[in-house]
Every structure is written in structure tokens, then in C-alpha cells.
>>> print(open('work.cif').read())   # mmCIF, C-alpha atoms
data_model
#
loop_
_atom_site.group_PDB
_atom_site.id
_atom_site.type_symbol
_atom_site.label_atom_id
_atom_site.label_comp_id
_atom_site.auth_asym_id
_atom_site.auth_seq_id
_atom_site.Cartn_x
_atom_site.Cartn_y
_atom_site.Cartn_z
ATOM 1 C CA LEU A 1 -3.970 13.950 -6.088
ATOM 2 C CA PRO A 2 -0.274 14.176 -6.975
ATOM 3 C CA SER A 3 0.372 11.120 -4.811
ATOM 4 C CA LEU A 4 -1.048 9.020 -2.000
ATOM 5 C CA GLU A 5 1.104 7.885 0.933
ATOM 6 C CA LEU A 6 -0.203 4.991 3.010
ATOM 7 C CA ALA A 7 1.227 3.111 5.993
ATOM 8 C CA LEU A 8 -0.036 0.833 8.733
ATOM 9 C CA ASP A 9 2.269 2.302 11.395
ATOM 10 C CA VAL A 10 1.683 6.049 11.568
ATOM 11 C CA THR A 11 3.307 6.796 14.953
ATOM 12 C CA TYR A 12 6.451 8.574 13.832
ATOM 13 C CA LEU A 13 9.940 7.837 15.145
ATOM 14 C CA ALA A 14 12.419 10.626 15.909
ATOM 15 C CA GLY A 15 16.164 10.906 16.290
ATOM 16 C CA ASN A 16 18.738 8.632 14.636
ATOM 17 C CA CYS A 17 17.790 5.095 13.615
ATOM 18 C CA GLU A 18 19.530 2.830 11.111
ATOM 19 C CA ASN A 19 23.248 3.415 10.380
ATOM 20 C CA GLY A 20 23.059 6.894 11.904
ATOM 21 C CA TYR A 21 20.424 8.072 9.438
ATOM 22 C CA SER A 22 17.484 10.139 10.631
ATOM 23 C CA CYS A 23 14.394 8.155 11.642
ATOM 24 C CA ALA A 24 12.507 10.228 9.068
ATOM 25 C CA TYR A 25 13.611 7.647 6.504
ATOM 26 C CA MET A 26 11.684 4.978 8.431
ATOM 27 C CA ASN A 27 8.473 6.986 8.607
ATOM 28 C CA THR A 28 7.697 7.306 4.899
ATOM 29 C CA LEU A 29 8.751 6.104 1.454
ATOM 30 C CA SER A 30 7.800 9.362 -0.263
ATOM 31 C CA TRP A 31 9.575 12.713 -0.362
ATOM 32 C CA SER A 32 8.492 15.884 -2.144
ATOM 33 C CA SER A 33 12.101 17.136 -2.081
ATOM 34 C CA GLU A 34 15.486 16.071 -0.733
ATOM 35 C CA THR A 35 14.564 17.498 2.674
ATOM 36 C CA THR A 36 10.753 17.188 2.822
ATOM 37 C CA PRO A 37 9.144 13.834 3.652
ATOM 38 C CA ASN A 38 5.503 13.244 2.764
ATOM 39 C CA PRO A 39 3.500 12.110 5.820
ATOM 40 C CA THR A 40 1.611 8.828 5.660
ATOM 41 C CA GLU A 41 -1.988 7.946 6.504
ATOM 42 C CA GLY A 42 -3.350 4.602 7.668
ATOM 43 C CA ASN A 43 -6.949 5.375 8.577
ATOM 44 C CA PRO A 44 -9.193 4.048 5.782
ATOM 45 C CA ARG A 45 -11.928 6.581 6.553
ATOM 46 C CA ILE A 46 -9.560 9.532 6.175
ATOM 47 C CA VAL A 47 -8.057 8.044 3.024
ATOM 48 C CA PHE A 48 -11.529 7.547 1.546
ATOM 49 C CA GLU A 49 -12.544 11.128 2.345
ATOM 50 C CA ARG A 50 -9.326 12.400 0.845
ATOM 51 C CA LEU A 51 -10.103 10.523 -2.348
ATOM 52 C CA PHE A 52 -13.871 10.985 -2.588
ATOM 53 C CA GLY A 53 -15.030 13.649 -0.123
ATOM 54 C CA ASP A 54 -14.104 16.289 2.439
ATOM 55 C CA GLY A 55 -12.119 15.257 5.516
ATOM 56 C CA GLY A 56 -12.736 17.641 8.412
ATOM 57 C CA SER A 57 -12.127 17.301 12.120
ATOM 58 C CA SER A 58 -12.459 14.111 14.155
ATOM 59 C CA ALA A 59 -15.871 15.263 15.401
ATOM 60 C CA ALA A 60 -17.000 15.916 11.840
ATOM 61 C CA ARG A 61 -15.820 12.471 10.745
ATOM 62 C CA VAL A 62 -17.730 10.826 13.597
ATOM 63 C CA ALA A 63 -20.883 12.716 12.624
ATOM 64 C CA GLN A 64 -20.460 11.704 9.013
ATOM 65 C CA ALA A 65 -19.920 8.073 9.995
ATOM 66 C CA ARG A 66 -23.269 8.075 11.809
ATOM 67 C CA GLU A 67 -25.087 9.072 8.668
ATOM 68 C CA ASN A 68 -26.258 5.905 6.982
ATOM 69 C CA ARG A 69 -25.848 7.432 3.570
ATOM 70 C CA SER A 70 -23.476 6.921 0.696
ATOM 71 C CA VAL A 71 -21.362 9.797 -0.500
ATOM 72 C CA LEU A 72 -22.598 8.910 -3.952
ATOM 73 C CA ASP A 73 -26.180 9.845 -3.060
ATOM 74 C CA SER A 74 -25.312 13.507 -3.596
ATOM 75 C CA VAL A 75 -24.397 12.855 -7.219
ATOM 76 C CA ASN A 76 -27.091 10.341 -8.140
ATOM 77 C CA SER A 77 -28.805 12.760 -10.487
ATOM 78 C CA GLU A 78 -25.541 13.529 -12.282
ATOM 79 C CA LEU A 79 -24.792 9.814 -12.598
ATOM 80 C CA ALA A 80 -28.267 9.205 -14.012
ATOM 81 C CA ARG A 81 -27.725 11.871 -16.694
ATOM 82 C CA LEU A 82 -24.290 10.458 -17.470
ATOM 83 C CA LEU A 83 -25.655 6.939 -17.876
ATOM 84 C CA GLN A 84 -28.184 8.231 -20.424
ATOM 85 C CA SER A 85 -25.440 9.737 -22.567
ATOM 86 C CA VAL A 86 -23.035 6.784 -22.823
ATOM 87 C CA GLY A 87 -23.151 3.435 -24.533
ATOM 88 C CA PRO A 88 -23.852 0.019 -22.999
ATOM 89 C CA SER A 89 -20.174 -0.804 -22.408
ATOM 90 C CA ASP A 90 -19.560 2.455 -20.539
ATOM 91 C CA ARG A 91 -22.748 1.952 -18.526
ATOM 92 C CA THR A 92 -21.378 -1.377 -17.326
ATOM 93 C CA THR A 93 -18.036 0.221 -16.428
ATOM 94 C CA ILE A 94 -19.712 3.023 -14.478
ATOM 95 C CA GLY A 95 -22.011 0.569 -12.733
ATOM 96 C CA ASP A 96 -19.109 -1.642 -11.693
ATOM 97 C CA TYR A 97 -17.233 1.401 -10.377
ATOM 98 C CA VAL A 98 -20.205 2.614 -8.309
ATOM 99 C CA ASP A 99 -20.671 -0.876 -6.880
ATOM 100 C CA SER A 100 -16.982 -0.980 -5.894
ATOM 101 C CA VAL A 101 -17.203 2.384 -4.135
ATOM 102 C CA ARG A 102 -20.288 1.318 -2.213
ATOM 103 C CA GLU A 103 -18.612 -1.932 -1.180
ATOM 104 C CA VAL A 104 -15.615 -0.061 0.247
ATOM 105 C CA GLU A 105 -17.972 2.301 2.061
ATOM 106 C CA ARG A 106 -19.828 -0.662 3.535
ATOM 107 C CA ARG A 107 -16.621 -2.242 4.781
ATOM 108 C CA ILE A 108 -15.452 1.040 6.354
ATOM 109 C CA GLN A 109 -18.796 1.467 8.143
ATOM 110 C CA THR A 110 -18.651 -2.132 9.383
ATOM 111 C CA ALA A 111 -15.151 -1.568 10.773
ATOM 112 C CA GLU A 112 -16.342 1.567 12.573
ATOM 113 C CA ARG A 113 -19.350 -0.211 14.090
ATOM 114 C CA ASN A 114 -17.101 -3.019 15.305
ATOM 115 C CA ALA A 115 -14.753 -0.488 16.877
ATOM 116 C CA ALA A 116 -17.652 1.248 18.636
ATOM 117 C CA ALA A 117 -18.966 -2.072 20.003
ATOM 118 C CA SER A 118 -15.562 -3.237 21.255
ATOM 119 C CA GLU A 119 -15.345 -4.365 24.863
ATOM 120 C CA LEU A 120 -11.841 -2.978 25.267
ATOM 121 C CA PRO A 121 -11.343 -0.295 27.925
ATOM 122 C CA ASP A 122 -11.739 3.352 26.985
ATOM 123 C CA LEU A 123 -8.729 3.898 24.716
ATOM 124 C CA GLU A 124 -7.851 6.491 22.153
ATOM 125 C CA ARG A 125 -8.399 4.419 19.034
ATOM 126 C CA PRO A 126 -8.412 5.699 15.441
ATOM 127 C CA MET A 127 -11.700 5.247 13.642
ATOM 128 C CA ALA A 128 -12.272 2.587 11.023
ATOM 129 C CA ILE A 129 -8.998 0.726 11.452
ATOM 130 C CA PRO A 130 -9.709 -3.025 11.560
ATOM 131 C CA ASP A 131 -8.076 -5.053 14.311
ATOM 132 C CA ARG A 132 -6.783 -7.716 11.912
ATOM 133 C CA PHE A 133 -3.671 -6.953 9.896
ATOM 134 C CA ASP A 134 -5.001 -8.569 6.710
ATOM 135 C CA GLU A 135 -8.323 -6.715 6.838
ATOM 136 C CA HIS A 136 -6.521 -3.384 7.308
ATOM 137 C CA VAL A 137 -4.113 -4.096 4.445
ATOM 138 C CA ASN A 138 -6.840 -5.307 2.073
ATOM 139 C CA LEU A 139 -9.032 -2.296 2.797
ATOM 140 C CA LEU A 140 -6.226 0.139 1.987
ATOM 141 C CA PHE A 141 -5.279 -1.842 -1.120
ATOM 142 C CA ASP A 142 -8.914 -1.675 -2.266
ATOM 143 C CA LEU A 143 -8.839 2.100 -1.848
ATOM 144 C CA VAL A 144 -5.684 2.240 -3.973
ATOM 145 C CA ALA A 145 -7.445 0.208 -6.666
ATOM 146 C CA LEU A 146 -10.388 2.620 -6.593
ATOM 147 C CA ALA A 147 -8.053 5.618 -6.805
ATOM 148 C CA PHE A 148 -6.422 4.104 -9.879
ATOM 149 C CA GLN A 149 -9.781 3.190 -11.413
ATOM 150 C CA ALA A 150 -11.065 6.751 -10.940
ATOM 151 C CA ASP A 151 -7.718 8.168 -12.107
ATOM 152 C CA ILE A 152 -7.595 10.292 -8.952
ATOM 153 C CA THR A 153 -3.921 9.471 -8.541
ATOM 154 C CA ARG A 154 -1.434 7.166 -10.195
ATOM 155 C CA VAL A 155 1.406 7.468 -7.660
ATOM 156 C CA VAL A 156 1.091 5.508 -4.416
ATOM 157 C CA THR A 157 3.486 4.340 -1.705
ATOM 158 C CA PHE A 158 2.346 1.840 0.916
ATOM 159 C CA MET A 159 4.420 0.748 3.917
ATOM 160 C CA LEU A 160 3.041 -2.620 5.053
ATOM 161 C CA GLY A 161 5.376 -2.447 8.020
ATOM 162 C CA ARG A 162 7.902 0.070 9.249
ATOM 163 C CA GLU A 163 11.386 -0.939 10.335
ATOM 164 C CA LEU A 164 11.513 -1.524 14.115
ATOM 165 C CA ASN A 165 8.011 -2.965 13.885
ATOM 166 C CA PHE A 166 6.902 -5.015 16.887
ATOM 167 C CA ARG A 167 3.555 -6.107 15.430
ATOM 168 C CA THR A 168 2.363 -9.660 16.043
ATOM 169 C CA TYR A 169 0.275 -11.719 13.597
ATOM 170 C CA PRO A 170 -2.028 -13.990 15.616
ATOM 171 C CA GLU A 171 -4.221 -14.568 12.554
ATOM 172 C CA ILE A 172 -1.446 -16.806 11.165
ATOM 173 C CA GLY A 173 -0.231 -18.092 14.513
ATOM 174 C CA ILE A 174 2.741 -15.740 14.969
ATOM 175 C CA THR A 175 2.743 -14.217 18.447
ATOM 176 C CA GLU A 176 6.321 -12.908 18.387
ATOM 177 C CA GLY A 177 6.971 -9.299 17.465
ATOM 178 C CA HIS A 178 8.034 -8.775 13.864
ATOM 179 C CA HIS A 179 11.342 -7.099 14.730
ATOM 180 C CA GLY A 180 12.333 -9.730 17.273
ATOM 181 C CA LEU A 181 11.479 -12.533 14.856
ATOM 182 C CA SER A 182 13.594 -10.910 12.138
ATOM 183 C CA HIS A 183 16.628 -11.299 14.428
ATOM 184 C CA HIS A 184 16.286 -15.059 14.189
ATOM 185 C CA GLY A 185 19.918 -15.888 14.960
ATOM 186 C CA ASP A 186 19.844 -18.501 12.161
ATOM 187 C CA ASP A 187 17.477 -20.604 14.288
ATOM 188 C CA ALA A 188 15.649 -22.895 11.841
ATOM 189 C CA ALA A 189 12.291 -22.704 13.635
ATOM 190 C CA LYS A 190 12.368 -18.903 13.809
ATOM 191 C CA MET A 191 13.450 -18.668 10.184
ATOM 192 C CA ALA A 192 10.504 -20.863 9.177
ATOM 193 C CA ARG A 193 8.091 -18.582 11.021
ATOM 194 C CA TYR A 194 9.724 -15.537 9.465
ATOM 195 C CA ALA A 195 9.334 -17.078 6.003
ATOM 196 C CA LYS A 196 5.688 -17.781 6.795
ATOM 197 C CA LEU A 197 5.220 -14.106 7.635
ATOM 198 C CA GLY A 198 6.866 -12.981 4.400
ATOM 199 C CA THR A 199 4.640 -15.339 2.407
ATOM 200 C CA TYR A 200 1.551 -14.024 4.199
ATOM 201 C CA GLN A 201 2.358 -10.415 3.309
ATOM 202 C CA ALA A 202 3.214 -11.317 -0.300
ATOM 203 C CA GLU A 203 -0.148 -13.082 -0.655
ATOM 204 C CA LEU A 204 -1.941 -9.885 0.372
ATOM 205 C CA PHE A 205 -0.029 -8.019 -2.331
ATOM 206 C CA ALA A 206 -0.918 -10.751 -4.837
ATOM 207 C CA ARG A 207 -4.615 -10.299 -4.000
ATOM 208 C CA PHE A 208 -4.268 -6.605 -4.863
ATOM 209 C CA LEU A 209 -2.581 -7.424 -8.171
ATOM 210 C CA ASP A 210 -5.380 -9.854 -9.020
ATOM 211 C CA LYS A 211 -7.890 -7.089 -8.359
ATOM 212 C CA LEU A 212 -6.104 -4.781 -10.801
ATOM 213 C CA ARG A 213 -5.773 -7.595 -13.339
ATOM 214 C CA SER A 214 -9.546 -8.079 -13.291
ATOM 215 C CA ALA A 215 -10.310 -4.352 -13.756
ATOM 216 C CA GLY A 216 -10.483 -3.246 -17.376
ATOM 217 C CA ASP A 217 -8.722 -0.079 -18.544
ATOM 218 C CA GLY A 218 -9.025 0.726 -22.236
ATOM 219 C CA ASP A 219 -7.841 -2.233 -24.266
ATOM 220 C CA GLY A 220 -5.991 -3.694 -21.258
ATOM 221 C CA THR A 221 -6.234 -3.857 -17.483
ATOM 222 C CA LEU A 222 -5.309 -1.576 -14.624
ATOM 223 C CA LEU A 223 -2.344 -3.834 -13.947
ATOM 224 C CA ASP A 224 -1.154 -3.288 -17.529
ATOM 225 C CA ARG A 225 -1.264 0.461 -16.882
ATOM 226 C CA SER A 226 0.576 0.295 -13.545
ATOM 227 C CA LEU A 227 4.085 -0.547 -12.381
ATOM 228 C CA PHE A 228 4.853 -1.702 -8.844
ATOM 229 C CA LEU A 229 8.023 -2.205 -6.847
ATOM 230 C CA TYR A 230 7.610 -4.545 -3.873
ATOM 231 C CA GLY A 231 10.319 -5.328 -1.366
ATOM 232 C CA ALA A 232 12.316 -4.063 1.591
ATOM 233 C CA GLY A 233 15.518 -2.276 2.549
ATOM 234 C CA LEU A 234 17.145 -5.376 4.071
ATOM 235 C CA SER A 235 17.942 -8.825 2.749
ATOM 236 C CA ASN A 236 19.078 -10.656 5.890
ATOM 237 C CA PRO A 237 17.552 -8.644 8.751
ATOM 238 C CA ASN A 238 19.432 -10.745 11.273
ATOM 239 C CA LEU A 239 22.598 -9.007 10.037
ATOM 240 C CA HIS A 240 20.937 -5.720 8.977
ATOM 241 C CA ALA A 241 22.293 -6.493 5.498
ATOM 242 C CA HIS A 242 21.575 -3.707 2.995
ATOM 243 C CA MET A 243 22.689 -5.668 -0.072
ATOM 244 C CA ASP A 244 21.247 -8.447 -2.242
ATOM 245 C CA LEU A 245 17.813 -6.939 -1.694
ATOM 246 C CA PRO A 246 14.869 -9.182 -2.687
ATOM 247 C CA LEU A 247 12.849 -6.852 -4.933
ATOM 248 C CA LEU A 248 9.887 -7.531 -7.191
ATOM 249 C CA VAL A 249 8.924 -5.440 -10.227
ATOM 250 C CA VAL A 250 5.513 -6.268 -11.650
ATOM 251 C CA GLY A 251 3.014 -4.758 -14.091
ATOM 252 C CA GLY A 252 3.583 -2.010 -16.621
ATOM 253 C CA GLY A 253 4.217 -4.373 -19.492
ATOM 254 C CA VAL A 254 7.287 -5.870 -17.825
ATOM 255 C CA ASN A 255 7.803 -9.447 -18.969
ATOM 256 C CA GLY A 256 7.992 -11.121 -15.569
ATOM 257 C CA GLY A 257 8.572 -14.616 -14.308
ATOM 258 C CA LYS A 258 12.338 -14.068 -14.201
ATOM 259 C CA HIS A 259 14.912 -13.824 -11.411
ATOM 260 C CA LEU A 260 17.649 -11.341 -12.327
ATOM 261 C CA LYS A 261 20.843 -10.967 -10.286
ATOM 262 C CA PHE A 262 23.084 -7.912 -10.389
ATOM 263 C CA PRO A 263 26.631 -7.290 -9.106
ATOM 264 C CA LEU A 264 27.092 -6.884 -5.375
ATOM 265 C CA GLU A 265 26.633 -3.325 -4.055
ATOM 266 C CA THR A 266 24.663 -2.189 -7.120
ATOM 267 C CA PRO A 267 22.656 0.799 -5.785
ATOM 268 C CA MET A 268 18.924 0.180 -5.487
ATOM 269 C CA THR A 269 18.446 3.691 -6.891
ATOM 270 C CA ASN A 270 19.635 2.319 -10.253
ATOM 271 C CA LEU A 271 16.475 0.232 -10.283
ATOM 272 C CA LEU A 272 14.391 3.237 -9.260
ATOM 273 C CA LEU A 273 15.749 5.175 -12.252
ATOM 274 C CA SER A 274 14.641 2.338 -14.524
ATOM 275 C CA VAL A 275 11.192 2.365 -12.921
ATOM 276 C CA LEU A 276 10.975 6.117 -13.532
ATOM 277 C CA ASP A 277 11.913 5.559 -17.181
ATOM 278 C CA ARG A 278 9.167 2.962 -17.590
ATOM 279 C CA SER A 279 6.712 5.383 -15.948
ATOM 280 C CA GLY A 280 7.498 8.196 -18.366
ATOM 281 C CA VAL A 281 9.307 10.308 -15.764
ATOM 282 C CA PRO A 282 12.967 10.118 -16.780
ATOM 283 C CA ALA A 283 15.666 11.527 -14.505
ATOM 284 C CA GLU A 284 19.432 11.784 -14.871
ATOM 285 C CA THR A 285 20.298 10.671 -11.335
ATOM 286 C CA LEU A 286 18.562 9.712 -8.104
ATOM 287 C CA GLY A 287 20.317 9.572 -4.748
ATOM 288 C CA ASP A 288 23.466 7.471 -5.023
ATOM 289 C CA SER A 289 22.587 6.013 -8.440
ATOM 290 C CA THR A 290 25.427 5.075 -10.791
ATOM 291 C CA GLY A 291 23.369 4.114 -13.829
ATOM 292 C CA ARG A 292 20.313 2.096 -14.773
ATOM 293 C CA LEU A 293 19.289 -1.548 -14.540
ATOM 294 C CA ASP A 294 17.848 -3.513 -17.429
ATOM 295 C CA ILE A 295 14.641 -4.843 -15.898
ATOM 296 C CA GLU A 296 13.645 -6.602 -19.092
ATOM 297 C CA PRO A 297 14.481 -10.322 -19.098
ATOM 298 C CA VAL A 298 17.981 -11.210 -20.182
ATOM 299 C CA SER A 299 18.116 -13.311 -23.365
ATOM 300 C CA GLY A 300 18.466 -16.998 -22.628
ATOM 301 C CA VAL A 301 17.700 -16.739 -18.874
#
>>> encode(input="work.cif", output="C-alpha cells")
Amino acid sequence: LPSLELALDVTYLAGNCENGYSCAYMNTLSWSSETTPNPTEGNPRIVFERLFGDGGSSAARVAQARENRSVLDSVNSELARLLQSVGPSDRTTIGDYVDSVREVERRIQTAERNAAASELPDLERPMAIPDRFDEHVNLLFDLVALAFQADITRVVTFMLGRELNFRTYPEIGITEGHHGLSHHGDDAAKMARYAKLGTYQAELFARFLDKLRSAGDGDGTLLDRSLFLYGAGLSNPNLHAHMDLPLLVVGGGVNGGKHLKFPLETPMTNLLLSVLDRSGVPAETLGDSTGRLDIEPVSGV
């Protein structure tokens, strides 16, 4: 796949949103051209079928979900022949990969069974989307890891939360909507809860990085072969501040553990150009870029 676009909030906004810009910029992080946004997907079952099998209609997906059979069963004979033709190290790698795929399948099927057994009233609910935020995020992150491991795609965007997000997080004791909490009015108690939420989301990302760090890839790890940008389009959401953005660059051989500050109003697209360079996809300009940022650690910092 050229790329994979994931998001937890897939109900699209329309009209004008932030600073008069089209709401299309809030619905996805990925664009195939200056005028064509790439739609996102948040249903783990559909994402899995896109990566490893045919999608089909909703009815077809329900029928497939009822089959207590792994998609790998159809290629067992091919896998057996492959295992006979490779060495012990490759056999271990293939075995670990198959086990990972089956584990994701098991978790998707469990989520679907839980949804079917729910005591909620008859609602139009997407299949295989866990009720808990962390379970949904981890499941999609695991699918990204599998996609990287299988080299199905190496370009992924993942929106953990869209702007104007009113999600609550009861699993960590936050019952206020995300957007309302972000407008904390400098109230210390609200700011503490907002920091708790940011930490919670960062920990889910850290779990994903640990998963890539533990997966071998050649003479390194999947994390060594990947480069991630984690962050948001606002620094102080209470003021809708679009400067001093807190951004994290990790993986790809970048020597991390450093906090680098750049002049005020430096375009974020300067960083994106540097990320493209490190990914082997150089470009002259991107959006409102004015140059490139040195994302290697500064001497003496």
C-alpha cells in the first residue's frame, strides 16, 4: 500500500473550522495532492482486511467475522513449503510473524464478540471497535507494526484525536470532554488533568515504539528503520496558539534525548522537509516552508 491513514474519529467535519481554514484539514493528516485529502479509517477489522485480505461490504464482513478461521489457513501449505526452504533464523522470524498476525486476529474477534453481546440499545455501531480508548489505539498501533513487519507499507498517519474532539477518558478518571478540558482557563486543577491526558496518550505511543524496538529487521530493529513525528498543531490550546509546538521526532537513527528550540514562528513544514530528507524523499519546498531544521543534536547541548 502506498500509505495507510488511520484515525479514531472518522465522522468528518464540513465547512470552515480553525482560522477560516476548511474543516478538511481536521479530518486527515494525509493528502495525495494539494487539493485531495486521503480519507482515514478507524475500524480495525477493515484495516486488517485492507492489509491482509479482501474487504467487501458490511454484510460480507459480518459473514467473515462469524467464520472461526484464520486468514492464514488458506496459505498454510505455502508457509509450510517456505519454512522448508529457509534457515533456522528465518524460520523463527516467520513463526514470530505468524503468531503476531494470529494474536491480532484473536483480539479483533474478541472485540466483535463483545460488541455483539453488548446490552446497549440497538445502535448503529461499527464492528470491531473496542469501547476503551486505549484498547482501540493499541489495536491500531499493533496493525501498523504488522504492516511494517510485512513491508506492506512504510508510510502511516494516525490521528489519535481530531481537533474539536469531545471524547472523555473514564479509564483514567477524566469525564470532561477533551476539547472543553483543553480550554482550561489557566485553572491549575484542569491543567493537571489535561497534563494527565497528554501523558496517557504519550504512554500509548511509547508502547508502540517498544514493540518496534523489540522486532528485528536485518541487523537492526523496526524502530531503527522507521522515523516518527508525534505531536499536535497547537501548543497552548487555551489560546489556540499555533507556535512553539511540542513535537517529538524519534527513530530512524536520530540521536534523541535532546530538547531543541527554534526561533519563534519557524514553520513546522521546515521540520517536515527534514523528515522527508531523512526518509529518502527529498523535496525543495513544502507548504509555507522557508528552509530546513537540523534535527540532529546541537553540539554541547
>>> closest_residue(input="work.cif", among="A:Leu79, A:Leu8, A:Leu272, A:Leu260", to="Pro44 (chain A)", atoms="only C-alpha atoms")
A:Leu8
>>> resolve_selection(input="work.cif", expression="the PyMOL selection byres ((chain A and resi 24-32) around 9)", output="count of residues only")
32
>>> axis_aligned_box(input="work.cif", around="region 197-201 of chain A", padding_each_side="4 Å", output="lines of an AutoDock Vina configuration file")
center_x = 4.2
center_y = -12.9
center_z = 5.0
size_x = 13.3
size_y = 12.9
size_z = 13.2
>>> closest_residue(input="work.cif", among="A:Leu229, A:Gly251, A:Leu234, A:Arg45", to="Leu271 (chain A)", atoms="all atoms listed in the file")
A:Leu229
>>> residues_around(input="work.cif", residues="Asp294 (chain A)", least_positions_apart="3", cutoff="12 Å", atoms="only C-alpha atoms", output="tab-separated table (two decimals) with C-alpha atoms, keeping the file's coordinate frame")
chain	number	residue	atom	x	y	z
A	249	VAL	CA	8.92	-5.44	-10.23
A	254	VAL	CA	7.29	-5.87	-17.82
A	255	ASN	CA	7.80	-9.45	-18.97
A	260	LEU	CA	17.65	-11.34	-12.33
A	261	LYS	CA	20.84	-10.97	-10.29
A	262	PHE	CA	23.08	-7.91	-10.39
A	270	ASN	CA	19.64	2.32	-10.25
A	271	LEU	CA	16.48	0.23	-10.28
A	272	LEU	CA	14.39	3.24	-9.26
A	273	LEU	CA	15.75	5.18	-12.25
A	274	SER	CA	14.64	2.34	-14.52
A	275	VAL	CA	11.19	2.37	-12.92
A	277	ASP	CA	11.91	5.56	-17.18
A	278	ARG	CA	9.17	2.96	-17.59
A	291	GLY	CA	23.37	4.11	-13.83
A	297	PRO	CA	14.48	-10.32	-19.10
A	298	VAL	CA	17.98	-11.21	-20.18
A	299	SER	CA	18.12	-13.31	-23.36
>>> atom_distance(input="work.cif", atom1="CA of Glu176 (chain A)", atom2="CA of Arg193 (chain A)")
9.5 Å
>>> closest_residue(input="work.cif", among="A:Asp151, A:Glu135, A:Asp217, A:Asp186", to="Thr93 (chain A)", atoms="only C-alpha atoms")
A:Asp217
>>> residues_around(input="work.cif", residues="region 142-146 of chain A", least_positions_apart="4", cutoff="12 Å", atoms="only C-alpha atoms", output="PyMOL selection string")
chain A and resi 3-6+42-52+96-105+107-108+134-138+150-158+204-205+207-217+221-223+225-226
>>> write_last_selection(input="work.cif", atoms="C-alpha atoms", output="short mmCIF file (atom, residue, chain, number, x, y, z; two decimals), in the frame of the given file")
data_model
loop_
_atom_site.label_atom_id
_atom_site.label_comp_id
_atom_site.auth_asym_id
_atom_site.auth_seq_id
_atom_site.Cartn_x
_atom_site.Cartn_y
_atom_site.Cartn_z
CA SER A 3 0.37 11.12 -4.81
CA LEU A 4 -1.05 9.02 -2.00
CA GLU A 5 1.10 7.88 0.93
CA LEU A 6 -0.20 4.99 3.01
CA GLY A 42 -3.35 4.60 7.67
CA ASN A 43 -6.95 5.38 8.58
CA PRO A 44 -9.19 4.05 5.78
CA ARG A 45 -11.93 6.58 6.55
CA ILE A 46 -9.56 9.53 6.18
CA VAL A 47 -8.06 8.04 3.02
CA PHE A 48 -11.53 7.55 1.55
CA GLU A 49 -12.54 11.13 2.35
CA ARG A 50 -9.33 12.40 0.84
CA LEU A 51 -10.10 10.52 -2.35
CA PHE A 52 -13.87 10.98 -2.59
CA ASP A 96 -19.11 -1.64 -11.69
CA TYR A 97 -17.23 1.40 -10.38
CA VAL A 98 -20.20 2.61 -8.31
CA ASP A 99 -20.67 -0.88 -6.88
CA SER A 100 -16.98 -0.98 -5.89
CA VAL A 101 -17.20 2.38 -4.14
CA ARG A 102 -20.29 1.32 -2.21
CA GLU A 103 -18.61 -1.93 -1.18
CA VAL A 104 -15.62 -0.06 0.25
CA GLU A 105 -17.97 2.30 2.06
CA ARG A 107 -16.62 -2.24 4.78
CA ILE A 108 -15.45 1.04 6.35
CA ASP A 134 -5.00 -8.57 6.71
CA GLU A 135 -8.32 -6.72 6.84
CA HIS A 136 -6.52 -3.38 7.31
CA VAL A 137 -4.11 -4.10 4.44
CA ASN A 138 -6.84 -5.31 2.07
CA ALA A 150 -11.06 6.75 -10.94
CA ASP A 151 -7.72 8.17 -12.11
CA ILE A 152 -7.60 10.29 -8.95
CA THR A 153 -3.92 9.47 -8.54
CA ARG A 154 -1.43 7.17 -10.20
CA VAL A 155 1.41 7.47 -7.66
CA VAL A 156 1.09 5.51 -4.42
CA THR A 157 3.49 4.34 -1.70
CA PHE A 158 2.35 1.84 0.92
CA LEU A 204 -1.94 -9.88 0.37
CA PHE A 205 -0.03 -8.02 -2.33
CA ARG A 207 -4.62 -10.30 -4.00
CA PHE A 208 -4.27 -6.60 -4.86
CA LEU A 209 -2.58 -7.42 -8.17
CA ASP A 210 -5.38 -9.85 -9.02
CA LYS A 211 -7.89 -7.09 -8.36
CA LEU A 212 -6.10 -4.78 -10.80
CA ARG A 213 -5.77 -7.60 -13.34
CA SER A 214 -9.55 -8.08 -13.29
CA ALA A 215 -10.31 -4.35 -13.76
CA GLY A 216 -10.48 -3.25 -17.38
CA ASP A 217 -8.72 -0.08 -18.54
CA THR A 221 -6.23 -3.86 -17.48
CA LEU A 222 -5.31 -1.58 -14.62
CA LEU A 223 -2.34 -3.83 -13.95
CA ARG A 225 -1.26 0.46 -16.88
CA SER A 226 0.58 0.30 -13.54
#
>>> closest_residue(input="work.cif", among="A:Gly220, A:Gly177, A:Pro2, A:Gly231", to="Gly252 (chain A)", atoms="only C-alpha atoms")
A:Gly220
